[in-house]
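Asks: Okay, so here is query.cif, and as you'll see once you scroll down, it has mmCIF, C-alpha atoms.
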data_coords
#
loop_
_atom_site.group_PDB
_atom_site.id
_atom_site.type_symbol
_atom_site.label_atom_id
_atom_site.label_comp_id
_atom_site.auth_asym_id
_atom_site.auth_seq_id
_atom_site.Cartn_x
_atom_site.Cartn_y
_atom_site.Cartn_z
ATOM 1 C CA MET G 454 32.465 -17.957 27.549
ATOM 2 C CA MET G 455 31.616 -14.281 27.655
ATOM 3 C CA GLN G 456 29.822 -12.909 24.635
ATOM 4 C CA LYS G 457 31.662 -10.076 22.873
ATOM 5 C CA LYS G 458 30.252 -6.655 22.095
ATOM 6 C CA ASN G 459 30.887 -4.325 19.206
ATOM 7 C CA TYR G 460 32.047 -0.716 19.540
ATOM 8 C CA ILE G 461 28.549 0.540 20.492
ATOM 9 C CA SER G 462 28.077 -2.176 23.112
ATOM 10 C CA GLU G 463 25.728 -4.387 21.074
ATOM 11 C CA LEU G 464 26.114 -8.068 21.830
ATOM 12 C CA ILE G 465 27.579 -9.881 18.833
ATOM 13 C CA PRO G 466 25.398 -12.962 18.378
ATOM 14 C CA ASP G 467 26.690 -16.421 17.644
ATOM 15 C CA THR G 468 26.114 -17.449 14.018
ATOM 16 C CA SER G 469 24.005 -20.422 15.099
ATOM 17 C CA GLN G 470 21.709 -17.974 16.942
ATOM 18 C CA LEU G 471 21.401 -15.892 13.775
ATOM 19 C CA VAL G 472 20.505 -18.939 11.666
ATOM 20 C CA ASP G 473 17.955 -20.144 14.228
ATOM 21 C CA ASN G 474 16.419 -16.683 14.425
ATOM 22 C CA ALA G 475 16.317 -16.328 10.634
ATOM 23 C CA ASN G 476 14.484 -19.667 10.430
ATOM 24 C CA VAL G 477 11.900 -18.428 12.936
ATOM 25 C CA ILE G 478 11.419 -15.259 10.878
ATOM 26 C CA LEU G 479 11.180 -17.203 7.605
ATOM 27 C CA ASN G 480 8.618 -19.606 9.074
ATOM 28 C CA SER G 481 6.591 -16.728 10.507
ATOM 29 C CA LEU G 482 6.581 -14.949 7.153
ATOM 30 C CA GLU G 483 5.580 -18.130 5.328
ATOM 31 C CA ASP G 484 2.658 -18.591 7.749
ATOM 32 C CA MET G 485 1.311 -15.074 7.108
ATOM 33 C CA LYS G 486 -1.191 -14.173 4.437
ATOM 34 C CA PRO G 487 0.089 -11.491 2.028
ATOM 35 C CA ILE G 488 -1.526 -8.078 2.496
ATOM 36 C CA ASN G 489 -2.622 -6.161 -0.601
ATOM 37 C CA ILE G 490 -0.820 -2.837 -0.859
ATOM 38 C CA GLU G 491 -3.895 -1.092 -2.200
ATOM 39 C CA GLY G 492 -6.350 -0.770 0.654
ATOM 40 C CA SER G 493 -3.734 -1.093 3.392
ATOM 41 C CA LEU G 494 -0.689 1.107 2.717
ATOM 42 C CA VAL G 495 -2.357 3.096 -0.039
ATOM 43 C CA SER G 496 -5.954 4.286 0.163
ATOM 44 C CA ASN G 497 -8.393 3.847 -2.698
ATOM 45 C CA ASN G 498 -7.818 7.484 -3.648
ATOM 46 C CA GLY G 499 -4.076 6.887 -4.044
ATOM 47 C CA LYS G 500 -2.815 8.420 -0.795
ATOM 48 C CA TYR G 501 -0.092 6.745 1.270
ATOM 49 C CA VAL G 502 -1.636 5.730 4.594
ATOM 50 C CA GLY G 503 1.092 3.385 5.797
ATOM 51 C CA ARG G 504 1.572 5.252 9.068
ATOM 52 C CA GLU G 505 -2.114 4.849 9.911
ATOM 53 C CA TYR G 506 -2.116 1.196 8.802
ATOM 54 C CA PHE G 507 0.925 0.205 10.846
ATOM 55 C CA ALA G 508 -0.230 2.193 13.898
ATOM 56 C CA LYS G 509 -3.115 -0.291 14.115
ATOM 57 C CA GLN G 510 -0.900 -3.336 13.461
ATOM 58 C CA VAL G 511 2.384 -2.783 15.270
ATOM 59 C CA LYS G 512 2.265 -2.188 18.991
ATOM 60 C CA ASN G 513 5.142 -0.708 20.975
ATOM 61 C CA SER G 514 6.976 0.148 17.787
ATOM 62 C CA TYR G 515 10.692 0.678 18.082
ATOM 63 C CA SER G 516 13.424 1.037 15.549
ATOM 64 C CA TYR G 517 16.950 -0.176 16.217
ATOM 65 C CA LYS G 518 18.021 2.729 14.010
ATOM 66 C CA SER G 519 16.179 5.452 15.884
ATOM 67 C CA LYS G 520 14.055 5.718 18.939
ATOM 68 C CA ASN G 521 11.300 7.245 16.816
ATOM 69 C CA GLU G 522 8.056 5.834 18.191
ATOM 70 C CA ASN G 523 6.387 6.570 14.852
ATOM 71 C CA ASP G 524 8.219 3.867 12.914
ATOM 72 C CA PHE G 525 9.732 0.423 13.401
ATOM 73 C CA SER G 526 12.513 -1.741 12.073
ATOM 74 C CA GLY G 527 12.067 -5.061 10.381
ATOM 75 C CA ILE G 528 12.006 -7.158 7.253
ATOM 76 C CA TYR G 529 9.399 -7.090 4.496
ATOM 77 C CA VAL G 530 8.653 -9.203 1.447
ATOM 78 C CA PHE G 531 6.902 -8.015 -1.706
ATOM 79 C CA TYR G 532 4.769 -10.487 -3.675
ATOM 80 C CA VAL G 533 3.379 -10.540 -7.216
ATOM 81 C CA ASN G 534 0.598 -13.099 -7.693
ATOM 82 C CA LEU G 535 1.600 -14.682 -4.371
ATOM 83 C CA VAL G 536 5.187 -15.194 -5.596
ATOM 84 C CA PRO G 537 7.859 -13.509 -3.453
ATOM 85 C CA VAL G 538 9.895 -11.127 -5.603
ATOM 86 C CA TYR G 539 11.819 -8.910 -3.180
ATOM 87 C CA VAL G 540 12.986 -8.937 0.424
ATOM 88 C CA GLY G 541 13.963 -5.697 2.091
ATOM 89 C CA ILE G 542 14.987 -4.512 5.509
ATOM 90 C CA SER G 543 14.756 -1.113 7.082
ATOM 91 C CA GLY G 544 15.203 0.636 10.372
ATOM 92 C CA THR G 545 12.166 2.681 9.357
ATOM 93 C CA ILE G 546 9.755 0.393 7.493
ATOM 94 C CA ILE G 547 6.879 2.867 7.276
ATOM 95 C CA ARG G 548 9.056 5.449 5.543
ATOM 96 C CA ARG G 549 10.782 2.797 3.390
ATOM 97 C CA MET G 550 7.470 1.457 2.076
ATOM 98 C CA LYS G 551 6.437 4.994 1.150
ATOM 99 C CA TYR G 552 9.664 5.465 -0.808
ATOM 100 C CA HIS G 553 9.118 2.216 -2.703
ATOM 101 C CA LEU G 554 5.603 3.243 -3.670
ATOM 102 C CA PHE G 555 5.945 7.010 -4.102
ATOM 103 C CA GLY G 556 9.663 7.803 -4.279
ATOM 104 C CA MET G 557 10.439 10.276 -7.028
ATOM 105 C CA LYS G 558 14.168 9.594 -7.251
ATOM 106 C CA ASP G 559 16.013 6.406 -8.179
ATOM 107 C CA ASN G 560 17.952 6.454 -4.893
ATOM 108 C CA GLU G 561 14.703 6.643 -2.898
ATOM 109 C CA SER G 562 13.184 3.690 -4.700
ATOM 110 C CA SER G 563 15.983 1.341 -5.646
ATOM 111 C CA LEU G 564 13.615 -1.557 -6.331
ATOM 112 C CA VAL G 565 11.672 0.544 -8.826
ATOM 113 C CA TYR G 566 14.982 1.546 -10.379
ATOM 114 C CA LEU G 567 15.912 -2.124 -10.895
ATOM 115 C CA ILE G 568 12.562 -2.860 -12.518
ATOM 116 C CA ALA G 569 12.848 0.290 -14.645
ATOM 117 C CA ASN G 570 16.209 -0.930 -15.920
ATOM 118 C CA GLU G 571 14.667 -4.207 -17.025
ATOM 119 C CA ASN G 572 11.769 -2.344 -18.656
ATOM 120 C CA TYR G 573 14.246 -0.064 -20.441
ATOM 121 C CA GLN G 574 16.079 -3.084 -21.809
ATOM 122 C CA ASN G 575 12.808 -4.680 -22.953
ATOM 123 C CA LYS G 576 11.600 -1.466 -24.596
ATOM 124 C CA TYR G 577 14.836 -0.482 -26.353
ATOM 125 C CA SER G 578 16.453 -3.938 -26.733
ATOM 126 C CA ILE G 579 19.609 -2.595 -25.151
ATOM 127 C CA GLN G 580 20.921 -2.176 -21.647
ATOM 128 C CA HIS G 581 21.305 1.370 -20.351
ATOM 129 C CA SER G 582 25.034 2.013 -20.435
ATOM 130 C CA GLY G 583 25.192 5.542 -19.089
ATOM 131 C CA LYS G 584 25.466 6.798 -15.558
ATOM 132 C CA ARG G 585 22.642 6.205 -13.112
ATOM 133 C CA LYS G 586 21.919 9.928 -12.959
ATOM 134 C CA ASP G 587 21.327 9.898 -16.733
ATOM 135 C CA PHE G 588 18.852 7.023 -16.673
ATOM 136 C CA PRO G 589 15.300 8.116 -17.721
ATOM 137 C CA PHE G 590 13.799 7.001 -14.390
ATOM 138 C CA ASP G 591 10.649 9.127 -14.724
ATOM 139 C CA GLU G 592 9.789 7.449 -18.021
ATOM 140 C CA PHE G 593 9.162 4.190 -16.136
ATOM 141 C CA ARG G 594 8.653 5.094 -12.455
ATOM 142 C CA THR G 595 4.990 6.072 -12.389
ATOM 143 C CA LYS G 596 3.777 2.987 -14.230
ATOM 144 C CA ILE G 597 5.857 0.618 -12.089
ATOM 145 C CA GLN G 598 4.718 2.199 -8.840
ATOM 146 C CA ALA G 599 1.077 2.146 -9.973
ATOM 147 C CA GLU G 600 1.455 -1.577 -10.775
ATOM 148 C CA MET G 601 2.976 -2.213 -7.360
ATOM 149 C CA ILE G 602 0.142 -0.418 -5.603
ATOM 150 C CA LYS G 603 -2.603 -2.121 -7.575
ATOM 151 C CA ASN G 604 -1.309 -5.687 -7.915
ATOM 152 C CA TRP G 605 1.411 -6.325 -5.351
ATOM 153 C CA SER G 606 1.113 -7.524 -1.771
ATOM 154 C CA PHE G 607 3.502 -7.678 1.157
ATOM 155 C CA LYS G 608 4.329 -9.292 4.472
ATOM 156 C CA TYR G 609 6.456 -7.891 7.260
ATOM 157 C CA TYR G 610 8.096 -8.960 10.492
ATOM 158 C CA GLN G 611 9.335 -6.607 13.170
ATOM 159 C CA ILE G 612 13.018 -7.029 14.126
ATOM 160 C CA GLU G 613 14.699 -4.734 16.621
ATOM 161 C CA ASN G 614 18.247 -6.116 16.536
ATOM 162 C CA GLY G 615 20.542 -4.880 13.760
ATOM 163 C CA TYR G 616 22.487 -8.146 13.455
ATOM 164 C CA LYS G 617 19.304 -10.206 13.163
ATOM 165 C CA LEU G 618 17.866 -7.702 10.699
ATOM 166 C CA ALA G 619 20.872 -7.705 8.367
ATOM 167 C CA PHE G 620 21.378 -11.469 8.483
ATOM 168 C CA SER G 621 17.693 -12.185 7.907
ATOM 169 C CA GLU G 622 17.561 -10.210 4.669
ATOM 170 C CA ILE G 623 19.985 -12.407 2.766
ATOM 171 C CA TYR G 624 18.759 -15.585 4.471
ATOM 172 C CA VAL G 625 15.074 -14.981 3.650
ATOM 173 C CA SER G 626 15.749 -13.740 0.107
ATOM 174 C CA CYS G 627 17.817 -16.852 -0.647
ATOM 175 C CA ALA G 628 15.220 -19.161 0.919
ATOM 176 C CA LEU G 629 12.407 -17.521 -1.080
ATOM 177 C CA LYS G 630 14.500 -17.231 -4.283
ATOM 178 C CA THR G 631 13.413 -13.633 -4.885
ATOM 179 C CA LYS G 632 14.004 -12.195 -8.336
ATOM 180 C CA TRP G 633 14.892 -8.630 -7.412
ATOM 181 C CA ASN G 634 17.388 -9.150 -4.603
ATOM 182 C CA THR G 635 21.057 -8.842 -5.296
ATOM 183 C CA PHE G 636 23.855 -8.450 -2.826
ATOM 184 C CA LYS G 637 26.366 -7.036 -5.263
ATOM 185 C CA THR G 638 28.055 -4.055 -3.676
ATOM 186 C CA HIS G 639 29.276 -0.951 -5.430
#
I need this file expressed as structure tokens, please.

Replies:
Amino acid sequence: MMQKKNYISELIPDTSQLVDNANVILNSLEDMKPINIEGSLVSNNGKYVGREYFAKQVKNSYSYKSKNENDFSGIYVFYVNLVPVYVGISGTIIRRMKYHLFGMKDNESSLVYLIANENYQNKYSIQHSGKRKDFPFDEFRTKIQAEMIKNWSFKYYQIENGYKLAFSEIYVSCALKTKWNTFKTH
């Protein structure tokens, strides 16, 4: 049987291949030691050095999203006290990590926005009911990002295929039971 392709000539993988691949990725991630954000992606003086860090770690980088040799695509997991809390994917992991840790806007750092919403609810004993653009993101952002830099760790796995990348995100987040992942669409 001939394998089908999508409109941009990517081979559409069989679902059993996707599950097998996601298991390989999950097992690889579980075998890795988490890397502290501070001292790897962020220098001791608070500067983002992710590009320099990954240049030493990832050889022959390639992004399925762009042929930019300065970044790579893949999956990453954030940990708090060695507990996985969030799984993300990106066609440009180096840039995505920077946005998580230093993004100034809620749409640049959606994970920080989710945490800020929970912090808002804890502080004011009420859920924010207004529009996203009216949420006081800056009131919470800096503290959350500082906490992430100081106390969080991460793991990553390079994935060049868009199907494998997308499928792996939900598979790994469900397997790890991460708190901050949701697949609710808007």

Asks: Considering only C-alpha atoms, can you say which of G:Asn634, G:Phe607, G:Gln510, G:Tyr552 comes closest to G:Ile568?

Replies: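 The answer is G:Asn634, which sits nearest to G:Ile568.
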
Asks: Carefully work through the PyMOL selection byres ((chain G and resi 619-623) around 7) for this structure and note down the residues it includes, as a ChimeraX atom specification.

Replies: /G:471,475,528,540-542,615-618,624-627

Asks: From the set G:Trp605, G:Phe555, G:Tyr610, G:Tyr501, which residue has the shortest atom-to-atom contact distance to G:Val533, counting all atoms listed in the file?

Replies: G:Trp605

Asks: On this structure, the PyMOL selection byres ((chain G and resi 485) around 12) would catch which residues? List them as an MDAnalysis selection string, sorted by chain and number.

Replies: chainID G and resid 478:484 486:488 529:530 535 606:610

Asks: Between G:Ile579, G:Ile612, G:Met550, G:Leu464, which has the minimum distance to G:Tyr506 (counting only C-alpha atoms)?

Replies: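 The shortest atom-to-atom distance to G:Tyr506 comes from G:Met550.
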
Asks: Looking at all atoms listed in the file, which of G:Ala508, G:Ala599, G:Met455, G:Val477 is the one that sits closest to G:Ser493?

Replies: G:Ala508

Asks: G:Tyr573, G:Tyr532, G:Tyr566, G:Phe525: which is nearest G:Arg549, counting all atoms listed in the file?

Replies: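 Distance minimum relative to G:Arg549 lands on G:Phe525.
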
Asks: I'd like to know which of G:Lys458, G:Asn614, G:Ile547, G:Glu491 is closest to G:Glu505, using all atoms listed in the file.

Replies: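 Of the candidates, the smallest distance to G:Glu505 is held by G:Ile547.
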
Asks: If I wrap all listed atoms of stretch 473-485 of chain G in a box with edges along x, y and z and add 4 Å on each side, what are its centre and edge lengths in Å to one decimal, as AutoDock Vina command-line options?

Replies:
--center_x 9.6 --center_y -17.5 --center_z 9.9 --size_x 24.6 --size_y 13.2 --size_z 17.1

Asks: Quick check, in Å to one decimal: how far apart do atom CA of G:Asn572 and atom CA of G:Val502 lie?

Replies: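 These atoms are spaced 28.0 Å apart.
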
Asks: I'd like the interatomic distance between atom CA of G:Leu629 and atom CA of G:Gly527, to a tenth of an Å.

Replies: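 Taking atom CA of G:Leu629 as the start and atom CA of G:Gly527 as the end point, the length is 16.9 Å.
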
Asks: Residues picked by the PyMOL selection byres ((chain G and resi 557-560) around 10) here, as a PyMOL selection string?

Replies: chain G and resi 552-556+561-567+569+585-586+588-591+594-595

Asks: Could you tell me how far atom CA of G:Gln456 sits from atom CA of G:Thr468, in Å to one decimal place?

Replies: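 Distance between the two atoms: 12.1 Å.
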